[in-house]
Structures are given as structure tokens and as C-alpha cells.
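As stored in data-v5.cif (mmCIF, C-alpha atoms and all ligand atoms):
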data_final
loop_
_atom_site.group_PDB
_atom_site.id
_atom_site.type_symbol
_atom_site.label_atom_id
_atom_site.label_comp_id
_atom_site.auth_asym_id
_atom_site.auth_seq_id
_atom_site.Cartn_x
_atom_site.Cartn_y
_atom_site.Cartn_z
ATOM 1 C CA MET A 354 0.000 0.000 0.000
ATOM 2 C CA LYS A 355 1.401 3.407 -0.945
ATOM 3 C CA LYS A 356 2.167 5.718 1.922
ATOM 4 C CA ILE A 357 0.684 9.207 1.688
ATOM 5 C CA VAL A 358 1.853 11.850 4.131
ATOM 6 C CA VAL A 359 -0.534 14.788 4.393
ATOM 7 C CA PHE A 360 1.003 17.940 5.858
ATOM 8 C CA THR A 361 -1.559 20.575 6.801
ATOM 9 C CA GLY A 362 -1.740 24.138 8.081
ATOM 10 C CA ALA A 363 -4.399 26.621 9.074
ATOM 11 C CA GLY A 364 -5.806 26.734 5.516
ATOM 12 C CA VAL A 365 -7.238 23.206 5.789
ATOM 13 C CA SER A 366 -9.509 24.458 8.585
ATOM 14 C CA ALA A 367 -10.330 27.799 6.929
ATOM 15 C CA ASP A 368 -13.379 26.349 5.179
ATOM 16 C CA SER A 369 -14.677 25.284 8.606
ATOM 17 C CA GLY A 370 -14.637 28.936 9.620
ATOM 18 C CA ILE A 371 -11.389 29.034 11.601
ATOM 19 C CA SER A 372 -9.137 32.001 10.849
ATOM 20 C CA THR A 373 -5.710 31.420 9.349
ATOM 21 C CA PHE A 374 -2.730 33.351 10.742
ATOM 22 C CA ARG A 375 -1.085 35.220 7.882
ATOM 23 C CA ASP A 376 -3.913 35.960 5.437
ATOM 24 C CA ALA A 377 -5.168 39.571 5.330
ATOM 25 C CA ASP A 378 -7.882 38.872 7.941
ATOM 26 C CA GLY A 379 -5.724 36.363 9.800
ATOM 27 C CA LEU A 380 -5.156 36.101 13.558
ATOM 28 C CA TRP A 381 -1.747 37.748 13.394
ATOM 29 C CA ALA A 382 -3.385 40.855 11.906
ATOM 30 C CA ASN A 383 -5.391 41.241 15.125
ATOM 31 C CA TYR A 384 -2.973 39.989 17.775
ATOM 32 C CA ARG A 385 0.769 40.393 18.229
ATOM 33 C CA ILE A 386 2.551 37.041 18.448
ATOM 34 C CA GLU A 387 4.715 38.370 21.291
ATOM 35 C CA ASP A 388 1.577 39.178 23.345
ATOM 36 C CA VAL A 389 -0.109 35.776 23.126
ATOM 37 C CA CYS A 390 2.175 33.092 21.726
ATOM 38 C CA THR A 391 5.537 33.212 23.499
ATOM 39 C CA PRO A 392 6.802 31.861 26.851
ATOM 40 C CA GLU A 393 7.524 35.477 27.882
ATOM 41 C CA ALA A 394 3.885 36.440 27.228
ATOM 42 C CA LEU A 395 2.739 33.591 29.475
ATOM 43 C CA LYS A 396 4.933 34.949 32.286
ATOM 44 C CA ARG A 397 4.132 38.621 31.714
ATOM 45 C CA ASN A 398 0.445 38.462 30.907
ATOM 46 C CA ARG A 399 -0.934 35.045 31.675
ATOM 47 C CA ALA A 400 -4.543 36.267 31.574
ATOM 48 C CA LEU A 401 -4.269 37.468 27.986
ATOM 49 C CA VAL A 402 -2.616 34.253 26.791
ATOM 50 C CA VAL A 403 -5.178 32.068 28.567
ATOM 51 C CA GLU A 404 -8.006 34.208 27.188
ATOM 52 C CA PHE A 405 -6.590 34.010 23.638
ATOM 53 C CA TYR A 406 -6.630 30.211 23.733
ATOM 54 C CA ASN A 407 -10.022 30.136 25.485
ATOM 55 C CA ILE A 408 -11.417 32.097 22.531
ATOM 56 C CA ARG A 409 -9.752 29.702 20.062
ATOM 57 C CA ARG A 410 -11.204 26.724 21.972
ATOM 58 C CA LYS A 411 -14.696 28.225 22.087
ATOM 59 C CA GLU A 412 -14.505 28.789 18.326
ATOM 60 C CA LEU A 413 -13.316 25.211 17.765
ATOM 61 C CA LEU A 414 -16.250 23.801 19.717
ATOM 62 C CA SER A 415 -18.645 25.698 17.436
ATOM 63 C CA VAL A 416 -17.295 24.464 14.079
ATOM 64 C CA GLU A 417 -17.237 21.199 12.148
ATOM 65 C CA PRO A 418 -14.726 19.468 9.866
ATOM 66 C CA ASN A 419 -15.095 20.467 6.203
ATOM 67 C CA PRO A 420 -14.839 18.398 2.977
ATOM 68 C CA ALA A 421 -11.038 18.769 2.999
ATOM 69 C CA HIS A 422 -10.750 17.022 6.388
ATOM 70 C CA TYR A 423 -13.235 14.347 5.328
ATOM 71 C CA ALA A 424 -11.446 13.704 2.018
ATOM 72 C CA ILE A 425 -8.137 13.297 3.870
ATOM 73 C CA ALA A 426 -9.780 10.816 6.264
ATOM 74 C CA GLU A 427 -11.291 8.930 3.305
ATOM 75 C CA LEU A 428 -7.808 8.438 1.811
ATOM 76 C CA GLU A 429 -7.245 5.834 4.546
ATOM 77 C CA LYS A 430 -9.609 3.470 2.718
ATOM 78 C CA SER A 431 -7.096 3.188 -0.112
ATOM 79 C CA PHE A 432 -3.694 4.221 1.242
ATOM 80 C CA ASP A 433 -1.446 4.084 4.279
ATOM 81 C CA VAL A 434 -1.992 7.649 5.512
ATOM 82 C CA GLU A 435 -0.242 9.765 8.122
ATOM 83 C CA VAL A 436 -1.371 13.323 8.800
ATOM 84 C CA VAL A 437 1.136 15.794 10.174
ATOM 85 C CA THR A 438 -0.536 19.053 11.102
ATOM 86 C CA GLN A 439 0.597 22.434 12.354
ATOM 87 C CA ASN A 440 -2.964 22.985 13.538
ATOM 88 C CA VAL A 441 -3.949 22.833 17.169
ATOM 89 C CA ASP A 442 -7.593 22.059 16.364
ATOM 90 C CA ASN A 443 -8.970 18.497 16.373
ATOM 91 C CA LEU A 444 -10.825 18.630 13.060
ATOM 92 C CA HIS A 445 -8.725 15.910 11.387
ATOM 93 C CA GLU A 446 -9.546 13.521 14.243
ATOM 94 C CA ARG A 447 -13.215 14.503 14.211
ATOM 95 C CA ALA A 448 -13.354 13.820 10.451
ATOM 96 C CA GLY A 449 -12.003 10.313 11.081
ATOM 97 C CA SER A 450 -8.251 10.488 10.444
ATOM 98 C CA SER A 451 -6.653 7.898 12.693
ATOM 99 C CA ARG A 452 -2.989 8.884 12.669
ATOM 100 C CA VAL A 453 -2.472 12.592 13.323
ATOM 101 C CA THR A 454 0.759 14.143 14.585
ATOM 102 C CA HIS A 455 0.352 17.668 15.977
ATOM 103 C CA LEU A 456 3.537 19.681 15.579
ATOM 104 C CA HIS A 457 2.325 22.765 17.452
ATOM 105 C CA GLY A 458 0.291 21.177 20.230
ATOM 106 C CA GLU A 459 -3.428 20.680 20.804
ATOM 107 C CA LEU A 460 -6.070 23.163 21.905
ATOM 108 C CA MET A 461 -8.152 20.568 23.728
ATOM 109 C CA LYS A 462 -5.276 19.733 26.069
ATOM 110 C CA LEU A 463 -3.511 21.592 28.861
ATOM 111 C CA ARG A 464 -0.231 20.771 30.493
ATOM 112 C CA SER A 465 1.644 21.406 33.702
ATOM 113 C CA GLU A 466 3.903 24.442 33.597
ATOM 114 C CA ARG A 467 6.463 22.393 35.521
ATOM 115 C CA ASN A 468 6.287 19.046 33.721
ATOM 116 C CA PRO A 469 5.783 19.169 29.932
ATOM 117 C CA ASN A 470 4.868 15.477 29.937
ATOM 118 C CA LEU A 471 1.957 15.969 32.336
ATOM 119 C CA ILE A 472 -0.731 16.618 29.719
ATOM 120 C CA VAL A 473 -4.441 16.579 30.497
ATOM 121 C CA PRO A 474 -7.535 16.917 28.309
ATOM 122 C CA ILE A 475 -9.827 19.916 28.815
ATOM 123 C CA GLU A 476 -13.562 19.268 28.494
ATOM 124 C CA GLY A 477 -15.137 22.588 27.600
ATOM 125 C CA TRP A 478 -13.661 25.798 26.262
ATOM 126 C CA GLU A 479 -12.613 27.444 29.487
ATOM 127 C CA GLN A 480 -9.242 27.221 31.139
ATOM 128 C CA LYS A 481 -9.529 29.068 34.453
ATOM 129 C CA LEU A 482 -6.526 31.133 35.435
ATOM 130 C CA ASP A 483 -5.881 29.148 38.599
ATOM 131 C CA ASP A 484 -6.452 25.633 37.177
ATOM 132 C CA ARG A 485 -3.661 23.392 38.443
ATOM 133 C CA ALA A 486 -2.138 20.085 37.370
ATOM 134 C CA GLU A 487 -1.803 17.040 39.631
ATOM 135 C CA ASP A 488 1.744 18.106 40.467
ATOM 136 C CA GLY A 489 0.401 21.348 41.927
ATOM 137 C CA ALA A 490 1.823 23.542 39.147
ATOM 138 C CA LEU A 491 -0.376 25.882 37.138
ATOM 139 C CA LEU A 492 -1.726 24.489 33.889
ATOM 140 C CA ARG A 493 -0.930 26.161 30.573
ATOM 141 C CA PRO A 494 -2.297 25.627 27.081
ATOM 142 C CA HIS A 495 -0.663 22.599 25.397
ATOM 143 C CA ILE A 496 0.645 24.791 22.613
ATOM 144 C CA VAL A 497 4.144 25.174 21.192
ATOM 145 C CA PHE A 498 4.869 28.877 21.562
ATOM 146 C CA PHE A 499 7.270 30.763 19.331
ATOM 147 C CA GLY A 500 10.775 30.289 20.717
ATOM 148 C CA GLU A 501 9.966 26.850 22.160
ATOM 149 C CA SER A 502 11.257 23.578 20.804
ATOM 150 C CA VAL A 503 9.006 21.412 18.655
ATOM 151 C CA PRO A 504 9.196 17.976 20.288
ATOM 152 C CA MET A 505 7.140 16.195 17.629
ATOM 153 C CA PHE A 506 9.306 17.424 14.754
ATOM 154 C CA ASP A 507 11.718 14.467 14.808
ATOM 155 C CA ARG A 508 8.874 11.987 14.645
ATOM 156 C CA ALA A 509 7.321 14.019 11.803
ATOM 157 C CA THR A 510 10.556 13.931 9.793
ATOM 158 C CA GLN A 511 10.639 10.133 10.102
ATOM 159 C CA ILE A 512 7.076 9.987 8.816
ATOM 160 C CA ALA A 513 7.889 12.358 5.946
ATOM 161 C CA ALA A 514 10.895 10.276 4.938
ATOM 162 C CA GLU A 515 8.636 7.237 4.472
ATOM 163 C CA ALA A 516 6.229 8.997 2.091
ATOM 164 C CA ASP A 517 5.630 7.692 -1.419
ATOM 165 C CA VAL A 518 3.481 10.789 -2.031
ATOM 166 C CA MET A 519 3.302 14.012 -0.025
ATOM 167 C CA VAL A 520 0.270 16.295 0.101
ATOM 168 C CA VAL A 521 0.600 19.808 1.524
ATOM 169 C CA VAL A 522 -2.622 21.679 2.313
ATOM 170 C CA GLY A 523 -3.185 25.253 3.467
ATOM 171 C CA THR A 524 0.142 26.288 4.907
ATOM 172 C CA SER A 525 2.179 29.348 4.003
ATOM 173 C CA LEU A 526 5.346 27.300 4.754
ATOM 174 C CA ALA A 527 6.586 30.341 6.656
ATOM 175 C CA VAL A 528 7.156 28.864 10.124
ATOM 176 C CA TYR A 529 10.216 26.795 10.946
ATOM 177 C CA PRO A 530 11.103 24.086 11.652
ATOM 178 C CA ALA A 531 7.640 22.861 10.561
ATOM 179 C CA ALA A 532 8.031 24.129 6.999
ATOM 180 C CA MET A 533 11.240 22.109 6.633
ATOM 181 C CA LEU A 534 9.161 18.937 6.634
ATOM 182 C CA VAL A 535 8.855 19.136 2.851
ATOM 183 C CA ARG A 536 12.615 18.659 2.634
ATOM 184 C CA TYR A 537 12.377 15.239 4.258
ATOM 185 C CA ALA A 538 10.459 13.661 1.397
ATOM 186 C CA ARG A 539 12.806 11.375 -0.509
ATOM 187 C CA ALA A 540 14.154 12.563 -3.852
ATOM 188 C CA GLY A 541 11.591 12.257 -6.623
ATOM 189 C CA VAL A 542 8.584 11.775 -4.322
ATOM 190 C CA PRO A 543 5.788 13.889 -5.837
ATOM 191 C CA ILE A 544 4.474 16.740 -3.691
ATOM 192 C CA TYR A 545 0.922 17.974 -4.287
ATOM 193 C CA VAL A 546 0.099 21.403 -2.855
ATOM 194 C CA VAL A 547 -3.523 22.501 -2.345
ATOM 195 C CA ASP A 548 -3.673 26.208 -1.560
ATOM 196 C CA PRO A 549 -5.589 29.125 -3.112
ATOM 197 C CA GLY A 550 -2.618 31.398 -2.376
ATOM 198 C CA ASN A 551 1.090 31.225 -3.021
ATOM 199 C CA PRO A 552 2.850 29.364 -0.236
ATOM 200 C CA ASP A 553 6.638 29.579 -0.122
ATOM 201 C CA VAL A 554 7.552 26.453 -2.068
ATOM 202 C CA SER A 555 11.053 27.731 -2.776
ATOM 203 C CA MET A 556 12.741 25.086 -0.661
ATOM 204 C CA ILE A 557 10.890 22.157 -2.245
ATOM 205 C CA ARG A 558 13.230 20.193 -4.497
ATOM 206 C CA ASN A 559 10.720 17.505 -5.473
ATOM 207 C CA PRO A 560 8.293 17.659 -8.394
ATOM 208 C CA ILE A 561 5.374 19.914 -7.363
ATOM 209 C CA THR A 562 1.781 20.002 -8.566
ATOM 210 C CA HIS A 563 -0.033 23.094 -7.226
ATOM 211 C CA ILE A 564 -3.823 22.836 -7.120
ATOM 212 C CA LYS A 565 -4.804 26.465 -6.647
ATOM 213 C CA GLU A 566 -8.129 25.920 -4.911
ATOM 214 C CA ARG A 567 -9.472 26.263 -1.426
ATOM 215 C CA GLY A 568 -9.246 23.080 0.593
ATOM 216 C CA ALA A 569 -12.928 22.100 0.529
ATOM 217 C CA VAL A 570 -12.787 22.041 -3.276
ATOM 218 C CA GLY A 571 -9.183 21.121 -4.042
ATOM 219 C CA VAL A 572 -8.620 18.285 -1.564
ATOM 220 C CA PRO A 573 -11.587 16.131 -2.694
ATOM 221 C CA GLN A 574 -10.404 16.699 -6.303
ATOM 222 C CA LEU A 575 -6.888 15.671 -5.367
ATOM 223 C CA VAL A 576 -8.086 12.530 -3.583
ATOM 224 C CA GLU A 577 -9.831 11.421 -6.788
ATOM 225 C CA MET A 578 -6.628 12.179 -8.747
ATOM 226 C CA LEU A 579 -4.519 10.152 -6.316
ATOM 227 C CA LYS A 580 -6.898 7.191 -6.521
ATOM 228 C CA ASN A 581 -6.772 7.273 -10.329
ATOM 229 C CA GLU A 582 -3.010 7.655 -10.384
ATOM 230 C CA TYR A 583 -1.807 5.275 -7.671
ATOM 231 C CA LEU A 584 -4.420 2.529 -7.204
HETATM 232 P P1 LIG B 601 -0.746 30.646 7.645
HETATM 233 O O1 LIG B 601 -1.827 31.562 8.092
HETATM 234 O O2 LIG B 601 0.645 31.145 7.698
HETATM 235 O O3 LIG B 601 -1.019 30.179 6.156
HETATM 236 C C1 LIG B 601 -2.308 29.761 5.764
HETATM 237 C C2 LIG B 601 -2.248 29.210 4.361
HETATM 238 O O4 LIG B 601 -3.562 28.731 4.073
HETATM 239 C C3 LIG B 601 -1.891 30.239 3.289
HETATM 240 O O5 LIG B 601 -0.950 29.663 2.384
HETATM 241 C C4 LIG B 601 -3.233 30.521 2.608
HETATM 242 O O6 LIG B 601 -3.094 30.818 1.215
HETATM 243 C C5 LIG B 601 -3.932 29.181 2.784
HETATM 244 N N1 LIG B 601 -5.404 29.252 2.752
HETATM 245 C C6 LIG B 601 -6.227 30.307 3.024
HETATM 246 N N2 LIG B 601 -7.511 29.953 2.882
HETATM 247 C C7 LIG B 601 -7.525 28.645 2.513
HETATM 248 C C8 LIG B 601 -8.545 27.686 2.213
HETATM 249 N N3 LIG B 601 -9.840 28.034 2.276
HETATM 250 N N4 LIG B 601 -8.175 26.435 1.872
HETATM 251 C C9 LIG B 601 -6.860 26.087 1.815
HETATM 252 N N5 LIG B 601 -5.850 26.937 2.086
HETATM 253 C C10 LIG B 601 -6.180 28.193 2.430
HETATM 254 O O7 LIG B 601 -0.928 29.293 8.494
HETATM 255 P P2 LIG B 601 0.143 28.128 8.769
HETATM 256 O O8 LIG B 601 1.036 27.933 7.608
HETATM 257 O O9 LIG B 601 -0.615 26.975 9.300
HETATM 258 O O10 LIG B 601 1.866 28.353 14.877
HETATM 259 O O11 LIG B 601 0.966 28.781 9.956
HETATM 260 C C11 LIG B 601 1.984 28.062 10.571
HETATM 261 C C12 LIG B 601 2.030 28.350 12.043
HETATM 262 O O12 LIG B 601 2.075 29.761 12.265
HETATM 263 C C13 LIG B 601 0.802 27.927 12.816
HETATM 264 O O13 LIG B 601 0.841 26.558 13.181
HETATM 265 C C14 LIG B 601 0.814 28.819 14.009
HETATM 266 C C15 LIG B 601 1.170 30.113 13.334
HETATM 267 O O14 LIG B 601 1.759 31.064 14.105
HETATM 268 C C16 LIG B 601 1.762 28.574 16.194
HETATM 269 O O15 LIG B 601 0.827 29.145 16.717
HETATM 270 C C17 LIG B 601 2.938 28.063 16.976
#

Translate this structure into C-alpha cells?
Amino acid sequence: MKKIVVFTGAGVSADSGISTFRDADGLWANYRIEDVCTPEALKRNRALVVEFYNIRRKELLSVEPNPAHYAIAELEKSFDVEVVTQNVDNLHERAGSSRVTHLHGELMKLRSERNPNLIVPIEGWEQKLDDRAEDGALLRPHIVFFGESVPMFDRATQIAAEADVMVVVGTSLAVYPAAMLVRYARAGVPIYVVDPGNPDVSMIRNPITHIKERGAVGVPQLVEMLKNEYL
């Protein structure tokens, strides 16, 4: 069975109604990264950081997976599929994808500020400011902030290196090390990009096919193409 590695970013969830980061109306147009997405921000202004992720979580609970997520999940019927996502939402899982690696953490989890391995699920949208972990430390969103290491990256590179086909959906390829994942596909492995914009594909050395559509349209089209081409 051919192995397809699907690498996604905020754009795959855009058609569910979740804002991307770097588009004109994106989150980083309304918030400064250094106020809400750095370890320093968590120390300096914990309330704002916790509120930012509470808003993201509330939004996530009010949306559904879109045809792009469902088409990616459907690929599992015909291929060996691994999803590697930069997204902190759980829409791939809710659409039925069974193997999802989250590079930048998960919104529906919190973790101890003292022990990064003490990770707990959160039921609703609200993290209270004084919520504590079992070890007595304050809880923080289970999110990789800018300036923090990306513990799942090594595992993701191993997955990428096993791909027979790579699919990249809805990422500007602007954030490192995540964007480097495309460099771990073996030489000659085809890379299909679904994005209505112009992601930075300059570091891709493999053959690229760019489907310039939004995810809900382009991903189901691509899945049909892949079935015709590789089955
Ligand atoms: P970006 O906001 O940087 O890029 C979103 C990409 O999605 C762009 O290439 C858009 O053209 C594309 N896009 C927009 N609408 C789309 C649609 N309907 N269907 C498909 N694609 C669409 O988001 P990411 O590349 O995911 O990290 O950003 C990477 C990281 O930067 C995020 O994981 C986040 C952010 O800061 C952290 O928070 C640590």
C-alpha cells in the first residue's frame, strides 16, 4: 500500500470557519505574536494568553470538519496515511483520520507548567486562570509557543521520509522548523500542494503540482486524482 503523508496548516480548517494566521484577515493581523504566543507572554500576561486560547477553543467547539478534512480521512480506505498538522484544532480527528501528529500542540489539552509530559484533556472551552495540574503547578495551554522547541518534529521527519506521495494543504510554509518537513520527502517523491494562495515552495526540491483551490474544493479533487493515479 502506498504511503501518503498529508502535511496541513491553518488553511485546511479555513473552510470550517477558523481564521488562518497570515492571510489579510488572519489572527496575526489582530494579535501580536509576542503578546499571546511566546513563553515570555505567558509569564508577563498570563490572563491574555489564557483568554486568547479560550477564545480559540470556544470557536473550535462551534465548528465542524469540512470536505477537505473528510477527504483526507477517506484516503485511509485506499492508502497508508499519516497526517502531520501544524494545527492545534482536532478537526482531522473529528473527520475520522486515525494517525495525526500535531507539531504545534493541541487546543483541547492543557499541560503542567512544571512538567511538559503531564498533559491533560480539557472538556469545555474554558481554562480558568488558577487551574492546576496534579503536580500542583499551574496548567498552561498545550501549545508550542514561538521560541519553544518542537518535540514532535523528529517523529514528523521520520514519517515524511517514508512517504511515497506528499500532500501539503493550506500552509504558508513560513514557520520553521515545521516548513522544513517538505525537505524530508525522498528525492523524486511527488508533492501535491492545495492552496488558493502562493505558499513559499522555494525550498521544495521535489516535483510539485499546485492545485490552486481552497481546501474544501481542491482536496476532494486531489483525492480522486490520487486514486486514479496510484491505485
Ligand atoms: P498561515 O496563516 O501562515 O497560512 C495559511 C495558508 O492557508 C496560506 O498559504 C493561505 O493561502 C492558505 N489558505 C487560506 N484559505 C484557505 C482555504 N480556504 N483552503 C486552503 N488553504 C487556504 O498558516 P500556517 O502555515 O498553518 O503556529 O501557519 C503556521 C504556524 O504559524 C501555525 O501553526 C501557528 C502560526 O503562528 C503557532 O501558533 C505556533

- Neighbour list for Val416 (chain A) as a PyMOL selection string, cut-off 10 Å, only C-alpha atoms, skip fewer than 4 positions in-chain: chain A and resi 366+368-371+411-412+444

- Message: Could you tell me, as a PyMOL selection string, exactly which residues end up selected when the PyMOL selection byres (((not hetatm)) within 6 of (chain B and resi 601)) is applied to this structure?
- Response: chain A and resi 362-365+367-368+373-376+439-440+457+497-499+523-526+528+548-552+567-568

- Applied to this file, what does the PyMOL selection byres (((chain A and resi 507) around 12) and not hetatm) return in terms of residues, put as a VMD selection string? chain A and resid 437 454 to 456 502 to 506 508 to 514 530 to 531 533 to 534 537

Mind dumping the selected residues with C-alpha atoms as a short mmCIF file (atom, residue, chain, number, x, y, z; two decimals), in the coordinates of the input?
data_model
loop_
_atom_site.label_atom_id
_atom_site.label_comp_id
_atom_site.auth_asym_id
_atom_site.auth_seq_id
_atom_site.Cartn_x
_atom_site.Cartn_y
_atom_site.Cartn_z
CA VAL A 437 1.14 15.79 10.17
CA THR A 454 0.76 14.14 14.58
CA HIS A 455 0.35 17.67 15.98
CA LEU A 456 3.54 19.68 15.58
CA SER A 502 11.26 23.58 20.80
CA VAL A 503 9.01 21.41 18.66
CA PRO A 504 9.20 17.98 20.29
CA MET A 505 7.14 16.20 17.63
CA PHE A 506 9.31 17.42 14.75
CA ARG A 508 8.87 11.99 14.64
CA ALA A 509 7.32 14.02 11.80
CA THR A 510 10.56 13.93 9.79
CA GLN A 511 10.64 10.13 10.10
CA ILE A 512 7.08 9.99 8.82
CA ALA A 513 7.89 12.36 5.95
CA ALA A 514 10.90 10.28 4.94
CA PRO A 530 11.10 24.09 11.65
CA ALA A 531 7.64 22.86 10.56
CA MET A 533 11.24 22.11 6.63
CA LEU A 534 9.16 18.94 6.63
CA TYR A 537 12.38 15.24 4.26
#

- Output of the PyMOL selection byres (((chain A and resi 478) around 9) and not hetatm), listed as a list in words: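 On this input, the PyMOL selection byres (((chain A and resi 478) around 9) and not hetatm) captures Tyr406, Asn407, Ile408, Arg409, Arg410, Lys411, Glu412, Leu413, Leu414, Met461, Ile475, Glu476, Gly477, Glu479 and Gln480 of chain A.
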
Using all atoms listed in the file, determine which residues lie at most 10 Å from Tyr423 (chain A), disregarding the query and same-chain residues fewer than 4 positions distant; provide the list as an mmCIF file with C-alpha atoms, keeping the file's coordinate frame.
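So the final result, stored in selection32.cif, reads:
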data_model
loop_
_atom_site.group_PDB
_atom_site.id
_atom_site.type_symbol
_atom_site.label_atom_id
_atom_site.label_comp_id
_atom_site.auth_asym_id
_atom_site.auth_seq_id
_atom_site.Cartn_x
_atom_site.Cartn_y
_atom_site.Cartn_z
ATOM 1 C CA PRO A 418 -14.726 19.468 9.866
ATOM 2 C CA ASN A 419 -15.095 20.467 6.203
ATOM 3 C CA GLU A 427 -11.291 8.930 3.305
ATOM 4 C CA LEU A 428 -7.808 8.438 1.811
ATOM 5 C CA LEU A 444 -10.825 18.630 13.060
ATOM 6 C CA HIS A 445 -8.725 15.910 11.387
ATOM 7 C CA GLU A 446 -9.546 13.521 14.243
ATOM 8 C CA ARG A 447 -13.215 14.503 14.211
ATOM 9 C CA ALA A 448 -13.354 13.820 10.451
ATOM 10 C CA GLY A 449 -12.003 10.313 11.081
ATOM 11 C CA SER A 450 -8.251 10.488 10.444
ATOM 12 C CA ALA A 569 -12.928 22.100 0.529
ATOM 13 C CA VAL A 572 -8.620 18.285 -1.564
ATOM 14 C CA PRO A 573 -11.587 16.131 -2.694
#
